[in-house]
Amino acid sequence: LLLVAISFMSGLLLSSLVYILIAYFDQKIRTPTQFQRMTNLPLIGVINFIDLKASSLKEHIIQIERSKTSRTNNFREFLRKMRYEIESSGKKTIMFTSTEPNQGKTTLLQSLAFSLSLSKKRVLLIDTNFCNNDLSVLNAAKPTLELFSFDKVESDQNALKNLISPTGVENVDIIGCKGGDYTPNEILPKDHILNHLDYFLTMYDYILIEGAPLNGFTDAKELSQFVDGIVAIFSANAEIKSADKESIKYFRTIPEKFLGSVLNQLDMNEYRV
């Protein structure tokens with residue numbers, strides 16, 4: 001019995017030690033608490049993972065069952081909380097970026113725009129992610145950003161119609177880009193439309209811009225001068241690496257513009273623990 005007890009305690013201690021070591025070396029974000037401990041960045045929202053195979057993004061947000069009294073759509077509720085933070089910030093032109101690719105920027109940007117439309121806000125999306133123009137492709141937007149200078153748009157209303165594409169959701173439009181191996185400073189015309197976002201704010205309540213990831217690309221830094229606010233998106237499945245830490249330092253250097261972070265693709269099972 002003594003040997004059995006010793007073996008049991010040894011196995012328990014060894015298992016506990018292995019678990020502690022795994023938890024210590026695991027750099028995945030997973031939960032809001034871990035995110036803030038690892039990055040020391042403010043959080044303005046968390047968004048859970050949703051499966052878009054069964055239903056579209058628009059259906060998840062736009063189609064509200066008015067007859068239901070219970071509110072059990074976690075994704076929609078998290079999005080409403082994030083929408084409140086954006087509206088409370090007072091910022092009207094906001095760029096969404098990330099440290100790495102595949103953090104869910106495109107889906108989150110569209111989700112926020114659709115949610116804002118439900119609160120009777122007009123939203124203009126601008127795709128400046130020249131590295132990956134999924135936002136333009138998914139909305140079948142005309143690739144016009146690189147072509148138009150403001151003087152052409154201001155003097156010709158037909159040019160304005162050609163510049164902006166509808167998304168299929170009421171009150172949400174988009175300016176698409178073609179994308180390529182260039183940065184905003186290299187491709188945009190001298191008098192490009194980003195210099196005149198105030199003009200578009202006469203027609204829209206919010207302008208939401210998707211920027212390229214910070215790690216390895218300068219695009220988001222080049223674009224930061226044109227916006228009032230910047231939001232960083234992190235996937236709960238991602239790990240914080242050395243390159244991420246350098247990008248996180250950049251967010252701390254712009255406190256007047258940095259609104260905070262969003263922890264995206266959250267596993268609800270991890271969140272409830």
# chains A, B, ... in the order shown; residues from 1 in each chain; ligands from 1
$ select_by_dssp --residues "region 43-118 of chain A" --states "strand (DSSP E or B)" --output "PyMOL selection string"
chain A and resi 43-48+93-98
$ residues_around --residues "region 141-154 of chain A" --least-positions-apart "4" --cutoff "12 Å" --atoms "only C-alpha atoms" --output "number ranges by chain"
A: 125-130, 133-137, 158-168, 173-180, 182-200, 209
$ residues_around --residues "Asn74 (chain A)" --least-positions-apart "5" --cutoff "10 Å" --atoms "only C-alpha atoms" --output "list in words"
Ile47, Asn48, Phe49, Ile50, Leu79, Arg80 and Met268 of chain A
$ closest_residue --among "A:Ile94, A:Arg252, A:Arg83, A:Thr107" --to "Leu52 (chain A)" --atoms "only C-alpha atoms"
A:Thr107
$ residues_around --residues "Leu43 (chain A)" --least-positions-apart "4" --cutoff "8 Å" --atoms "only C-alpha atoms" --output "list in words"
Pro32, Gln36, Gly260, Ser261, Val262 and Leu263 of chain A
$ select_by_dssp --residues "region 19-255 of chain A" --states "alpha helix (DSSP H)" --output "PyMOL selection string"
chain A and resi 19-25+32-39+57-61+74-89+105-118+134-138+150-155+157-163+184-187+197-200+219-223+242-252
$ residues_around --residues "region 100-102 of chain A" --least-positions-apart "4" --cutoff "7 Å" --atoms "only C-alpha atoms" --output "PyMOL selection string"
chain A and resi 213-215
